[in-house]
Structures are given as C-alpha cells and as structure tokens.
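As provided, data.cif (mmCIF, C-alpha atoms) reads as follows.
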```
data_entry
#
loop_
_atom_site.group_PDB
_atom_site.id
_atom_site.type_symbol
_atom_site.label_atom_id
_atom_site.label_comp_id
_atom_site.auth_asym_id
_atom_site.auth_seq_id
_atom_site.Cartn_x
_atom_site.Cartn_y
_atom_site.Cartn_z
ATOM 1 C CA MET A 20 -8.557 36.241 18.144
ATOM 2 C CA ALA A 21 -10.997 38.282 16.055
ATOM 3 C CA THR A 22 -8.873 40.121 13.514
ATOM 4 C CA THR A 23 -10.959 42.068 11.005
ATOM 5 C CA PRO A 24 -13.034 45.041 12.162
ATOM 6 C CA ARG A 25 -16.289 43.264 11.309
ATOM 7 C CA ALA A 26 -15.242 40.195 13.276
ATOM 8 C CA ARG A 27 -14.389 42.404 16.232
ATOM 9 C CA SER A 28 -17.752 44.161 15.953
ATOM 10 C CA ARG A 29 -19.508 40.786 16.211
ATOM 11 C CA LEU A 30 -17.495 40.080 19.342
ATOM 12 C CA LEU A 31 -18.444 43.527 20.642
ATOM 13 C CA ALA A 32 -22.135 42.780 20.078
ATOM 14 C CA ARG A 33 -21.887 39.501 22.003
ATOM 15 C CA SER A 34 -19.596 40.362 24.898
ATOM 16 C CA GLY A 35 -19.324 44.164 25.049
ATOM 17 C CA ARG A 36 -15.598 43.908 24.358
ATOM 18 C CA ALA A 37 -13.326 43.991 21.318
ATOM 19 C CA GLN A 38 -9.561 43.649 21.216
ATOM 20 C CA PRO A 39 -8.066 45.642 19.755
ATOM 21 C CA GLY A 40 -10.779 48.229 20.236
ATOM 22 C CA LEU A 41 -12.701 49.665 17.281
ATOM 23 C CA PHE A 42 -11.954 53.216 16.156
ATOM 24 C CA ALA A 43 -15.098 54.400 14.363
ATOM 25 C CA PRO A 44 -15.325 58.199 14.057
ATOM 26 C CA LEU A 45 -18.511 59.250 12.276
ATOM 27 C CA VAL A 46 -17.000 60.725 9.102
ATOM 28 C CA LEU A 47 -19.199 61.187 6.043
ATOM 29 C CA ALA A 48 -19.200 64.646 4.445
ATOM 30 C CA GLN A 49 -15.475 64.553 3.676
ATOM 31 C CA ALA A 50 -16.123 61.768 1.134
ATOM 32 C CA ALA A 51 -18.045 64.219 -1.053
ATOM 33 C CA ASP A 52 -14.804 66.145 -1.568
ATOM 34 C CA ILE A 53 -13.159 63.003 -2.900
ATOM 35 C CA GLU A 54 -15.940 62.604 -5.466
ATOM 36 C CA ALA A 55 -15.967 66.366 -6.195
ATOM 37 C CA LEU A 56 -19.731 66.542 -5.752
ATOM 38 C CA PRO A 57 -21.981 68.966 -3.858
ATOM 39 C CA LEU A 58 -22.881 67.263 -0.593
ATOM 40 C CA ARG A 59 -26.628 66.972 -1.242
ATOM 41 C CA ASP A 60 -26.006 65.380 -4.646
ATOM 42 C CA PHE A 61 -23.465 63.027 -3.099
ATOM 43 C CA LEU A 62 -25.861 61.867 -0.365
ATOM 44 C CA THR A 63 -28.552 60.867 -2.868
ATOM 45 C CA ASN A 64 -26.293 59.073 -5.367
ATOM 46 C CA PRO A 65 -25.673 55.492 -4.181
ATOM 47 C CA THR A 66 -22.888 54.824 -6.681
ATOM 48 C CA LYS A 67 -20.925 57.937 -5.768
ATOM 49 C CA LEU A 68 -21.720 57.452 -2.079
ATOM 50 C CA ALA A 69 -20.359 53.900 -1.990
ATOM 51 C CA LYS A 70 -17.301 54.813 -4.059
ATOM 52 C CA GLY A 71 -16.494 57.949 -2.062
ATOM 53 C CA LEU A 72 -16.968 56.292 1.324
ATOM 54 C CA ALA A 73 -14.741 53.376 0.312
ATOM 55 C CA ALA A 74 -12.018 55.802 -0.801
ATOM 56 C CA LEU A 75 -12.375 57.825 2.404
ATOM 57 C CA HIS A 76 -12.045 54.687 4.500
ATOM 58 C CA GLN A 77 -8.882 53.640 2.695
ATOM 59 C CA ALA A 78 -7.399 57.115 3.145
ATOM 60 C CA LEU A 79 -8.239 57.476 6.845
ATOM 61 C CA GLY A 80 -7.365 53.923 7.858
ATOM 62 C CA THR A 81 -10.116 53.673 10.475
ATOM 63 C CA ASP A 82 -12.047 50.510 11.336
ATOM 64 C CA ALA A 83 -15.366 51.789 10.033
ATOM 65 C CA ILE A 84 -17.363 53.291 7.195
ATOM 66 C CA THR A 85 -20.266 55.533 8.194
ATOM 67 C CA THR A 86 -23.123 55.253 5.708
ATOM 68 C CA ALA A 87 -25.614 57.265 7.792
ATOM 69 C CA GLY A 88 -24.478 60.029 10.107
ATOM 70 C CA ALA A 89 -27.409 61.255 12.241
ATOM 71 C CA ASP A 90 -27.347 64.359 10.063
ATOM 72 C CA GLY A 91 -31.056 65.160 9.803
ATOM 73 C CA LEU A 92 -31.671 62.038 7.716
ATOM 74 C CA LEU A 93 -34.610 60.746 9.771
ATOM 75 C CA ALA A 94 -36.196 64.166 10.236
ATOM 76 C CA GLU A 95 -36.010 64.898 6.508
ATOM 77 C CA ALA A 96 -37.316 61.428 5.656
ATOM 78 C CA ALA A 97 -40.268 62.038 8.013
ATOM 79 C CA GLY A 98 -41.168 65.285 6.237
ATOM 80 C CA ALA A 99 -39.106 68.044 7.862
ATOM 81 C CA GLU A 100 -37.221 70.628 5.826
ATOM 82 C CA LEU A 101 -33.536 71.205 6.485
ATOM 83 C CA ASP A 102 -31.261 74.215 6.186
ATOM 84 C CA TRP A 103 -28.243 72.978 4.222
ATOM 85 C CA SER A 104 -26.133 76.117 4.601
ATOM 86 C CA SER A 105 -23.879 74.092 6.939
ATOM 87 C CA TYR A 106 -23.320 70.399 7.636
ATOM 88 C CA PRO A 107 -24.852 68.726 9.508
ATOM 89 C CA PRO A 108 -27.950 70.599 8.354
ATOM 90 C CA VAL A 109 -30.438 72.126 10.774
ATOM 91 C CA VAL A 110 -34.119 71.144 10.969
ATOM 92 C CA VAL A 111 -36.227 74.229 10.181
ATOM 93 C CA THR A 112 -39.790 72.876 9.929
ATOM 94 C CA HIS A 113 -41.631 70.581 12.340
ATOM 95 C CA PRO A 114 -44.260 68.343 10.718
ATOM 96 C CA GLY A 115 -45.315 67.008 14.133
ATOM 97 C CA GLU A 116 -45.806 70.361 15.860
ATOM 98 C CA ALA A 117 -49.537 69.663 16.198
ATOM 99 C CA GLY A 118 -48.715 66.618 18.313
ATOM 100 C CA THR A 119 -49.154 63.971 15.616
ATOM 101 C CA LEU A 120 -47.319 62.599 12.605
ATOM 102 C CA PRO A 121 -49.010 61.558 9.360
ATOM 103 C CA ALA A 122 -50.093 57.913 9.461
ATOM 104 C CA GLU A 123 -47.856 57.122 6.486
ATOM 105 C CA ALA A 124 -44.732 58.835 7.901
ATOM 106 C CA ALA A 125 -42.802 55.595 8.423
ATOM 107 C CA GLN A 126 -43.783 54.167 5.026
ATOM 108 C CA LYS A 127 -42.579 57.331 3.298
ATOM 109 C CA ALA A 128 -39.409 57.554 5.371
ATOM 110 C CA VAL A 129 -38.090 54.138 4.327
ATOM 111 C CA VAL A 130 -38.199 55.092 0.631
ATOM 112 C CA HIS A 131 -36.891 58.646 0.966
ATOM 113 C CA PRO A 132 -34.123 59.284 -1.626
ATOM 114 C CA ARG A 133 -31.426 59.781 1.022
ATOM 115 C CA VAL A 134 -32.449 56.602 2.850
ATOM 116 C CA GLU A 135 -32.535 54.652 -0.425
ATOM 117 C CA ALA A 136 -29.067 55.893 -1.388
ATOM 118 C CA ALA A 137 -27.510 55.162 2.004
ATOM 119 C CA VAL A 138 -29.061 51.687 2.204
ATOM 120 C CA GLU A 139 -27.922 50.802 -1.315
ATOM 121 C CA ALA A 140 -24.417 52.065 -0.534
ATOM 122 C CA THR A 141 -24.409 49.864 2.579
ATOM 123 C CA ILE A 142 -25.342 46.816 0.507
ATOM 124 C CA ARG A 143 -22.524 47.497 -1.968
ATOM 125 C CA LEU A 144 -19.938 48.193 0.707
ATOM 126 C CA ALA A 145 -20.904 45.065 2.651
ATOM 127 C CA ALA A 146 -19.972 43.071 -0.432
ATOM 128 C CA THR A 147 -16.995 44.975 -1.817
ATOM 129 C CA ALA A 148 -15.238 47.179 0.778
ATOM 130 C CA ALA A 149 -11.620 46.179 1.258
ATOM 131 C CA GLY A 150 -10.448 45.235 4.734
ATOM 132 C CA ASP A 151 -13.831 44.038 6.034
ATOM 133 C CA PRO A 152 -14.639 47.372 7.755
ATOM 134 C CA VAL A 153 -17.422 47.912 10.249
ATOM 135 C CA LEU A 154 -20.438 49.491 8.537
ATOM 136 C CA VAL A 155 -21.997 52.117 10.797
ATOM 137 C CA ALA A 156 -25.517 53.519 10.720
ATOM 138 C CA ALA A 157 -25.639 56.521 13.059
ATOM 139 C CA LEU A 158 -29.223 57.700 13.520
ATOM 140 C CA THR A 159 -30.866 60.411 15.570
ATOM 141 C CA GLY A 160 -32.244 59.004 18.820
ATOM 142 C CA PRO A 161 -36.021 58.972 19.436
ATOM 143 C CA ALA A 162 -36.127 61.835 21.966
ATOM 144 C CA THR A 163 -34.016 64.104 19.768
ATOM 145 C CA LEU A 164 -36.007 63.181 16.662
ATOM 146 C CA ALA A 165 -39.257 63.855 18.534
ATOM 147 C CA SER A 166 -37.911 67.294 19.417
ATOM 148 C CA GLU A 167 -36.919 67.946 15.795
ATOM 149 C CA LEU A 168 -40.304 66.855 14.457
ATOM 150 C CA GLY A 169 -42.482 68.198 17.278
ATOM 151 C CA GLY A 170 -40.703 71.505 17.890
ATOM 152 C CA GLU A 171 -41.991 73.639 20.745
ATOM 153 C CA TRP A 172 -45.038 71.437 21.207
ATOM 154 C CA PHE A 173 -42.913 68.429 22.133
ATOM 155 C CA ALA A 174 -40.658 70.437 24.444
ATOM 156 C CA GLY A 175 -43.633 71.646 26.457
ATOM 157 C CA ALA A 176 -45.638 68.435 26.344
ATOM 158 C CA ALA A 177 -42.668 66.300 27.399
ATOM 159 C CA THR A 178 -41.915 68.525 30.378
ATOM 160 C CA GLU A 179 -45.553 68.415 31.480
ATOM 161 C CA GLY A 180 -45.947 64.703 30.816
ATOM 162 C CA ALA A 181 -48.927 65.354 28.513
ATOM 163 C CA PRO A 182 -50.958 62.214 27.744
ATOM 164 C CA ASP A 183 -50.356 62.357 23.989
ATOM 165 C CA VAL A 184 -46.554 62.432 24.314
ATOM 166 C CA GLY A 185 -46.378 58.658 24.573
ATOM 167 C CA ALA A 186 -48.265 58.190 21.308
ATOM 168 C CA PHE A 187 -46.065 60.762 19.591
ATOM 169 C CA LEU A 188 -42.878 59.083 20.797
ATOM 170 C CA GLU A 189 -44.245 55.752 19.601
ATOM 171 C CA ALA A 190 -44.901 57.202 16.131
ATOM 172 C CA VAL A 191 -41.397 58.666 16.052
ATOM 173 C CA GLY A 192 -40.009 55.325 17.211
ATOM 174 C CA THR A 193 -41.805 53.555 14.373
ATOM 175 C CA VAL A 194 -40.098 55.833 11.833
ATOM 176 C CA THR A 195 -36.727 55.086 13.420
ATOM 177 C CA LEU A 196 -37.367 51.350 13.655
ATOM 178 C CA GLU A 197 -38.495 50.923 10.053
ATOM 179 C CA VAL A 198 -35.520 52.860 8.680
ATOM 180 C CA LEU A 199 -33.134 51.035 11.008
ATOM 181 C CA LYS A 200 -34.407 47.667 9.763
ATOM 182 C CA ARG A 201 -33.437 48.618 6.235
ATOM 183 C CA PHE A 202 -29.865 49.409 7.283
ATOM 184 C CA LEU A 203 -29.557 46.205 9.287
ATOM 185 C CA GLU A 204 -30.894 44.097 6.425
ATOM 186 C CA ALA A 205 -28.359 45.821 4.148
ATOM 187 C CA GLY A 206 -25.442 44.707 6.323
ATOM 188 C CA THR A 207 -24.912 47.342 9.025
ATOM 189 C CA ASN A 208 -22.684 46.059 11.860
ATOM 190 C CA LEU A 209 -22.827 48.943 14.344
ATOM 191 C CA VAL A 210 -25.854 51.091 15.192
ATOM 192 C CA VAL A 211 -25.195 54.407 16.935
ATOM 193 C CA LEU A 212 -28.177 56.331 18.304
ATOM 194 C CA ILE A 213 -27.314 59.940 19.070
ATOM 195 C CA GLU A 214 -29.426 61.594 21.757
ATOM 196 C CA GLU A 215 -28.922 65.165 22.870
ATOM 197 C CA ALA A 216 -30.403 64.250 26.242
ATOM 198 C CA VAL A 217 -32.572 61.707 28.015
ATOM 199 C CA PRO A 218 -36.148 63.097 28.064
ATOM 200 C CA PRO A 219 -37.772 64.403 31.268
ATOM 201 C CA ALA A 220 -38.726 61.883 33.928
ATOM 202 C CA ALA A 221 -42.411 62.336 33.087
ATOM 203 C CA VAL A 222 -41.945 60.591 29.724
ATOM 204 C CA ALA A 223 -38.808 58.519 30.421
ATOM 205 C CA ASP A 224 -40.757 55.242 30.507
ATOM 206 C CA HIS A 225 -42.274 55.978 27.089
ATOM 207 C CA TRP A 226 -38.803 56.720 25.754
ATOM 208 C CA ARG A 227 -37.354 53.472 27.098
ATOM 209 C CA SER A 228 -40.230 51.507 25.580
ATOM 210 C CA VAL A 229 -39.357 53.032 22.192
ATOM 211 C CA VAL A 230 -35.596 52.452 22.518
ATOM 212 C CA THR A 231 -35.944 48.791 23.516
ATOM 213 C CA PRO A 232 -37.249 47.515 20.134
ATOM 214 C CA LEU A 233 -34.384 49.337 18.414
ATOM 215 C CA VAL A 234 -31.927 47.418 20.592
ATOM 216 C CA ASN A 235 -33.730 44.123 20.049
ATOM 217 C CA VAL A 236 -33.815 44.333 16.253
ATOM 218 C CA THR A 237 -30.160 45.358 16.199
ATOM 219 C CA ARG A 238 -29.132 42.377 18.294
ATOM 220 C CA PHE A 239 -31.340 40.076 16.208
ATOM 221 C CA HIS A 240 -29.182 41.017 13.211
ATOM 222 C CA GLN A 241 -26.042 40.351 15.313
ATOM 223 C CA ALA A 242 -25.038 44.012 15.192
ATOM 224 C CA ALA A 243 -23.888 46.128 18.129
ATOM 225 C CA PRO A 244 -26.263 48.833 19.484
ATOM 226 C CA VAL A 245 -24.815 51.863 21.285
ATOM 227 C CA MET A 246 -26.086 55.265 22.334
ATOM 228 C CA VAL A 247 -24.174 58.530 22.447
ATOM 229 C CA LEU A 248 -25.574 60.950 25.028
ATOM 230 C CA GLY A 249 -24.943 64.659 24.551
ATOM 231 C CA ALA A 250 -25.689 65.241 28.239
ATOM 232 C CA ALA A 251 -23.898 62.196 29.586
ATOM 233 C CA THR A 252 -24.514 62.591 33.308
ATOM 234 C CA THR A 253 -24.398 59.564 35.583
ATOM 235 C CA GLU A 254 -28.185 59.862 36.042
ATOM 236 C CA ALA A 255 -28.777 60.007 32.278
ATOM 237 C CA CYS A 256 -26.619 56.940 31.698
ATOM 238 C CA ALA A 257 -28.558 55.045 34.342
ATOM 239 C CA ALA A 258 -31.815 55.806 32.497
ATOM 240 C CA VAL A 259 -30.675 54.046 29.309
ATOM 241 C CA PRO A 260 -31.864 50.417 29.017
ATOM 242 C CA PRO A 261 -29.072 48.098 30.229
ATOM 243 C CA SER A 262 -29.168 46.146 26.958
ATOM 244 C CA MET A 263 -28.003 49.275 25.113
ATOM 245 C CA GLY A 264 -24.315 50.087 24.954
ATOM 246 C CA LEU A 265 -23.142 53.555 25.912
ATOM 247 C CA CYS A 266 -20.428 55.773 24.484
ATOM 248 C CA VAL A 267 -19.671 58.669 26.811
ATOM 249 C CA PRO A 268 -16.820 61.116 27.495
ATOM 250 C CA GLU A 269 -13.930 59.661 29.439
ATOM 251 C CA GLY A 270 -14.574 59.720 33.182
ATOM 252 C CA THR A 271 -18.358 59.354 33.011
ATOM 253 C CA THR A 272 -19.727 56.583 35.233
ATOM 254 C CA VAL A 273 -21.652 53.918 33.304
ATOM 255 C CA SER A 274 -23.690 51.343 35.193
ATOM 256 C CA GLY A 275 -25.215 48.121 33.921
ATOM 257 C CA PRO A 276 -24.277 44.476 33.380
ATOM 258 C CA PRO A 277 -20.647 43.443 32.735
ATOM 259 C CA ASN A 278 -21.285 42.805 29.030
ATOM 260 C CA ARG A 279 -22.631 46.295 28.424
ATOM 261 C CA ILE A 280 -20.643 48.056 25.683
ATOM 262 C CA ARG A 281 -18.780 50.946 27.301
ATOM 263 C CA GLY A 282 -17.244 53.153 24.653
ATOM 264 C CA VAL A 283 -15.627 56.581 24.578
ATOM 265 C CA VAL A 284 -16.898 59.658 22.745
ATOM 266 C CA LEU A 285 -14.532 62.080 21.038
ATOM 267 C CA PRO A 286 -15.480 65.721 20.329
ATOM 268 C CA TRP A 287 -17.038 66.692 16.994
ATOM 269 C CA GLU A 288 -13.906 68.519 15.834
ATOM 270 C CA PRO A 289 -10.981 66.258 14.787
ATOM 271 C CA LYS A 290 -8.404 68.760 16.033
ATOM 272 C CA GLU A 291 -9.713 68.127 19.578
ATOM 273 C CA TRP A 292 -9.426 64.337 19.484
ATOM 274 C CA ALA A 293 -7.314 62.734 22.178
ATOM 275 C CA LEU A 294 -6.083 59.167 22.382
ATOM 276 C CA PRO A 295 -8.726 57.032 24.143
ATOM 277 C CA PRO A 296 -7.684 55.035 27.233
ATOM 278 C CA GLU A 297 -5.959 51.740 26.591
ATOM 279 C CA GLY A 298 -8.429 48.873 26.310
ATOM 280 C CA THR A 299 -11.365 51.018 25.151
ATOM 281 C CA PRO A 300 -13.571 48.628 23.123
ATOM 282 C CA LEU A 301 -15.174 51.313 20.943
ATOM 283 C CA THR A 302 -14.374 54.929 20.125
ATOM 284 C CA VAL A 303 -16.841 57.124 18.202
ATOM 285 C CA THR A 304 -17.445 60.841 17.818
ATOM 286 C CA ALA A 305 -20.182 62.880 19.491
ATOM 287 C CA GLY A 306 -21.853 63.276 16.109
ATOM 288 C CA VAL A 307 -21.018 63.293 12.442
ATOM 289 C CA VAL A 308 -17.811 65.236 11.760
ATOM 290 C CA PRO A 309 -18.916 68.710 10.551
ATOM 291 C CA GLY A 310 -18.503 69.663 6.925
ATOM 292 C CA ARG A 311 -16.313 72.622 7.885
ATOM 293 C CA CYS A 312 -13.634 70.132 8.962
ATOM 294 C CA THR A 313 -11.417 69.418 5.978
ATOM 295 C CA PHE A 314 -10.250 66.027 4.802
ATOM 296 C CA ALA A 315 -6.667 67.030 5.651
ATOM 297 C CA GLU A 316 -7.368 67.805 9.319
ATOM 298 C CA THR A 317 -9.571 64.726 9.690
ATOM 299 C CA HIS A 318 -6.843 62.577 8.128
ATOM 300 C CA GLU A 319 -4.215 64.024 10.465
ATOM 301 C CA ALA A 320 -6.387 63.413 13.533
ATOM 302 C CA CYS A 321 -7.004 59.799 12.509
ATOM 303 C CA ARG A 322 -3.272 59.282 11.879
ATOM 304 C CA ARG A 323 -2.510 60.640 15.355
ATOM 305 C CA ILE A 324 -5.043 58.340 17.049
ATOM 306 C CA LEU A 325 -4.005 55.258 15.092
ATOM 307 C CA ALA A 326 -0.324 55.889 15.802
ATOM 308 C CA GLY A 327 -1.121 55.699 19.519
#
```
Mind turning the file's structure into structure tokens?
Amino acid sequence: MATTPRARSRLLARSGRAQPGLFAPLVLAQAADIEALPLRDFLTNPTKLAKGLAALHQALGTDAITTAGADGLLAEAAGAELDWSSYPPVVVTHPGEAGTLPAEAAQKAVVHPRVEAAVEATIRLAATAAGDPVLVAALTGPATLASELGGEWFAGAATEGAPDVGAFLEAVGTVTLEVLKRFLEAGTNLVVLIEEAVPPAAVADHWRSVVTPLVNVTRFHQAAPVMVLGAATTEACAAVPPSMGLCVPEGTTVSGPPNRIRGVVLPWEPKEWALPPEGTPLTVTAGVVPGRCTFAETHEACRRILAG
C-alpha cells in the first residue's frame, strides 16, 4: 500500500485513486503569519517561503504543501497589476485588452520574482520537507486567465466566437504552460487548475486544445492534473478533456473514463468545511484560502476534517 502522501499522489496520477485519500486544502497566506512578514514580501522570498510553508504544513497536519495558490500569480507574471488590499489579490489592469499579449509574455512570466520564489521554494521543499508531503501548484486556468488579461475585450470576443480569440487563448496557454513546466521540473506532484467557468461553446474547442498540453506535460512528469470548476454543472464537467481530473462539489455528476480523478471541492472558508464522503481520493478547496481566514480557524478546520 502507498503510505506517504507523495506515494499516494503518484498512485492518484496513474489510477485516479488514492487510499487513504489526499487532503490538500490550498493554504498559503497563513504561512506569512508564521514568518511575521507582510504577505507580498513573504511571497517573493524563497527562503522564508519554504520555511514558512514547511512550518504551516507541520502545524496543520495535511497531506500537502501549496507553493502556488492561483492567487493572481500568472496574471501578475504576464504583466497585469494587482490590488493587494485583500488576499487573494484582484487583477486591476488588463495587458491583453487589445486582443493580444506581448510576444515575450511567456519568457518574462517564467522569471517573474514571485514565480522564481515559488519555484525555488518547491525545489527546497521537495528535498527537505518532513513527511514526504504532496507539493501542490495551483494555477489559474486558461479561460479565467484570459479573462483577467483580456478584460472586457475577451468577454465579448469569446461570446461572439471572434476569430482572434483562439490565438489569444493560445498565447495565454503558452504563459501557463511555460510557468507550469518550471513547477513540475522543481518537483510538483499535484497540479490544480482553477477555472471560474468553462468558456462559451463558440471557443470551447480552442480552450480544450490549450488545456490538453497542460495535462500532457503534467502526466509526463508523473504528477496528477486536476481542474476545479467554479461553475461545476454536469455540462461543464463534460466539456473538460477526459484526461483531466475533476474536483467538484459533492453531488455533481462527473463523466469520463474509470481512471479519471474524481475529487471533492470544499468552500473557500475553513469554517464551512465538511467531512468529504468516505473513499474520496482527493479533497481540495475551491481556491486559495483567503487571507482574512486566520491560522487558528484554518487549523481547527483541518483538525476537524482529519479527525473524521
């Protein structure tokens, strides 16, 4: 039987199952409190990031350490500005609102200070973290990132099926793919793509063609790829490539082959977490746990889940 979390994550990647199931809430900001650092300083300091995340993992007792939390990282790395008055921060500028991204967007994204810090922390934790935890890279999904970077232009163009939407999604996908490769090469075991919604039918094929390479490179590195859908309808789940795992609220119908990862999504707020059904192979949160949630309430919620 696979015993350590990382061993179980490898089993999850191969068969879609893990016993016991993996409990991997996306918790990141609370580690900054442990290191007594402002969050933005914490997220760009690889030494403090690795140390704080390791301490947070030991305190919470979960199966995973989240080194990237789908918290505006990709949008900021691609040139957007963020409002940091709350966490996760909000995207406030849209560098792709003219329908294109700079040709060098992907090259710049992979060396952005936050990406560099998170990748370096992943490398260190892969080598030193006690208990062999799963290392999680949660990244914004391509449709959501396209909306963040393209703003109102993308919303209108996607609905109309404009001819340049495909090229824009491909450029956004390249940013995601190049950053994702860095995390996988650093030792990431579980990739979580967080999509607010599947894009309109007019551009759904373009979206699937962008998601598929993300799945392929993840599986090549023997990591498990899953998607969290904000609007997890049965129709939306059916639109996701069958090679991609899905984490959805309990009761949502998920189709696909028998080895498809079928996980459960918990709400953002730890106080709302409920015990997942017995036999659930993977439990994550709908997004990164907000900064307004204290370490104490997150710790209590994890204790409650782990106690069964």
Report task. List the neighbours of Arg59 (chain A) out to 10 Å using all atoms listed in the file; skip same-chain residues closer than 4 positions along the sequence, and give me the result as a ChimeraX atom specification. Result -> /A:48,51,63-64,103,133
Query raised in the report: Using all atoms listed in the file, which residue out of A:Val303, A:Ala83, A:Leu188, A:Leu233 lies closest to Ala176 (chain A)?
Result: A:Leu188
Query - Contacts of region 249-258 of chain A within 6 Å, all atoms listed in the file, excl. fewer than 3 positions in-chain, as a ChimeraX atom specification - result: /A:215-217,272
Query raised in the report: What's the 10 Å shell around Ala162 (chain A), counting only C-alpha atoms, without same-chain residues fewer than 5 positions away, as a PyMOL selection string?
Result: chain A and resi 167-168+173+177+188+191-192+213-219+222-223+225-227+229-230
Query raised in the report: Could you state the separation of CA of Ala181 (chain A) and CA of Ala122 (chain A) in Å, given to one decimal place?
Result: 20.5 Å
Since the input is missing atoms, can you rebuild N, CA and C atoms for region 29-54 of chain A and write them as a PDB file, keeping the file's coordinate frame?
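Writing done, so here's result-v9.pdb:
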```pdb
ATOM      1  N   ARG A  29     -18.635  41.886  15.785  1.00  0.00           N
ATOM      2  CA  ARG A  29     -19.508  40.786  16.211  1.00  0.00           C
ATOM      3  C   ARG A  29     -19.184  40.384  17.646  1.00  0.00           C
ATOM      4  N   LEU A  30     -17.901  40.371  17.972  1.00  0.00           N
ATOM      5  CA  LEU A  30     -17.495  40.080  19.342  1.00  0.00           C
ATOM      6  C   LEU A  30     -18.011  41.163  20.288  1.00  0.00           C
ATOM      7  N   LEU A  31     -17.942  42.408  19.844  1.00  0.00           N
ATOM      8  CA  LEU A  31     -18.444  43.527  20.642  1.00  0.00           C
ATOM      9  C   LEU A  31     -19.932  43.362  20.925  1.00  0.00           C
ATOM     10  N   ALA A  32     -20.689  42.956  19.913  1.00  0.00           N
ATOM     11  CA  ALA A  32     -22.135  42.780  20.078  1.00  0.00           C
ATOM     12  C   ALA A  32     -22.452  41.680  21.085  1.00  0.00           C
ATOM     13  N   ARG A  33     -21.620  40.630  21.112  1.00  0.00           N
ATOM     14  CA  ARG A  33     -21.887  39.501  22.003  1.00  0.00           C
ATOM     15  C   ARG A  33     -21.411  39.742  23.424  1.00  0.00           C
ATOM     16  N   SER A  34     -20.223  40.319  23.569  1.00  0.00           N
ATOM     17  CA  SER A  34     -19.596  40.362  24.898  1.00  0.00           C
ATOM     18  C   SER A  34     -19.380  41.770  25.449  1.00  0.00           C
ATOM     19  N   GLY A  35     -19.588  42.797  24.612  1.00  0.00           N
ATOM     20  CA  GLY A  35     -19.324  44.164  25.049  1.00  0.00           C
ATOM     21  C   GLY A  35     -17.867  44.546  24.981  1.00  0.00           C
ATOM     22  N   ARG A  36     -17.036  43.651  24.428  1.00  0.00           N
ATOM     23  CA  ARG A  36     -15.598  43.908  24.358  1.00  0.00           C
ATOM     24  C   ARG A  36     -15.086  43.609  22.952  1.00  0.00           C
ATOM     25  N   ALA A  37     -14.011  44.266  22.580  1.00  0.00           N
ATOM     26  CA  ALA A  37     -13.326  43.991  21.318  1.00  0.00           C
ATOM     27  C   ALA A  37     -11.859  44.331  21.496  1.00  0.00           C
ATOM     28  N   GLN A  38     -11.008  43.415  21.122  1.00  0.00           N
ATOM     29  CA  GLN A  38      -9.561  43.649  21.216  1.00  0.00           C
ATOM     30  C   GLN A  38      -8.891  43.316  19.889  1.00  0.00           C
ATOM     31  N   PRO A  39      -8.169  44.252  19.302  1.00  0.00           N
ATOM     32  CA  PRO A  39      -8.066  45.642  19.755  1.00  0.00           C
ATOM     33  C   PRO A  39      -9.393  46.370  19.586  1.00  0.00           C
ATOM     34  N   GLY A  40      -9.543  47.476  20.296  1.00  0.00           N
ATOM     35  CA  GLY A  40     -10.779  48.229  20.236  1.00  0.00           C
ATOM     36  C   GLY A  40     -11.041  48.810  18.853  1.00  0.00           C
ATOM     37  N   LEU A  41     -12.297  49.125  18.574  1.00  0.00           N
ATOM     38  CA  LEU A  41     -12.701  49.665  17.281  1.00  0.00           C
ATOM     39  C   LEU A  41     -12.663  51.190  17.307  1.00  0.00           C
ATOM     40  N   PHE A  42     -12.011  51.769  16.311  1.00  0.00           N
ATOM     41  CA  PHE A  42     -11.954  53.216  16.156  1.00  0.00           C
ATOM     42  C   PHE A  42     -12.890  53.576  15.009  1.00  0.00           C
ATOM     43  N   ALA A  43     -14.040  54.177  15.344  1.00  0.00           N
ATOM     44  CA  ALA A  43     -15.098  54.400  14.363  1.00  0.00           C
ATOM     45  C   ALA A  43     -15.630  55.827  14.416  1.00  0.00           C
ATOM     46  N   PRO A  44     -14.804  56.829  14.104  1.00  0.00           N
ATOM     47  CA  PRO A  44     -15.325  58.199  14.057  1.00  0.00           C
ATOM     48  C   PRO A  44     -16.378  58.320  12.963  1.00  0.00           C
ATOM     49  N   LEU A  45     -17.404  59.122  13.224  1.00  0.00           N
ATOM     50  CA  LEU A  45     -18.511  59.250  12.276  1.00  0.00           C
ATOM     51  C   LEU A  45     -18.144  60.301  11.226  1.00  0.00           C
ATOM     52  N   VAL A  46     -17.487  59.844  10.168  1.00  0.00           N
ATOM     53  CA  VAL A  46     -17.000  60.725   9.102  1.00  0.00           C
ATOM     54  C   VAL A  46     -17.759  60.402   7.830  1.00  0.00           C
ATOM     55  N   LEU A  47     -18.371  61.416   7.218  1.00  0.00           N
ATOM     56  CA  LEU A  47     -19.199  61.187   6.043  1.00  0.00           C
ATOM     57  C   LEU A  47     -19.035  62.288   4.992  1.00  0.00           C
ATOM     58  N   ALA A  48     -19.199  63.536   5.403  1.00  0.00           N
ATOM     59  CA  ALA A  48     -19.200  64.646   4.445  1.00  0.00           C
ATOM     60  C   ALA A  48     -17.887  64.760   3.682  1.00  0.00           C
ATOM     61  N   GLN A  49     -16.786  64.398   4.303  1.00  0.00           N
ATOM     62  CA  GLN A  49     -15.475  64.553   3.676  1.00  0.00           C
ATOM     63  C   GLN A  49     -15.336  63.665   2.436  1.00  0.00           C
ATOM     64  N   ALA A  50     -16.167  62.621   2.319  1.00  0.00           N
ATOM     65  CA  ALA A  50     -16.123  61.768   1.134  1.00  0.00           C
ATOM     66  C   ALA A  50     -16.655  62.479  -0.102  1.00  0.00           C
ATOM     67  N   ALA A  51     -17.524  63.466   0.096  1.00  0.00           N
ATOM     68  CA  ALA A  51     -18.045  64.219  -1.053  1.00  0.00           C
ATOM     69  C   ALA A  51     -16.932  64.984  -1.739  1.00  0.00           C
ATOM     70  N   ASP A  52     -15.944  65.446  -0.971  1.00  0.00           N
ATOM     71  CA  ASP A  52     -14.804  66.145  -1.568  1.00  0.00           C
ATOM     72  C   ASP A  52     -14.013  65.211  -2.481  1.00  0.00           C
ATOM     73  N   ILE A  53     -13.895  63.967  -2.085  1.00  0.00           N
ATOM     74  CA  ILE A  53     -13.159  63.003  -2.900  1.00  0.00           C
ATOM     75  C   ILE A  53     -13.846  62.810  -4.245  1.00  0.00           C
ATOM     76  N   GLU A  54     -15.176  62.791  -4.231  1.00  0.00           N
ATOM     77  CA  GLU A  54     -15.940  62.604  -5.466  1.00  0.00           C
ATOM     78  C   GLU A  54     -16.228  63.922  -6.187  1.00  0.00           C
TER      79      GLU A  54
END
```
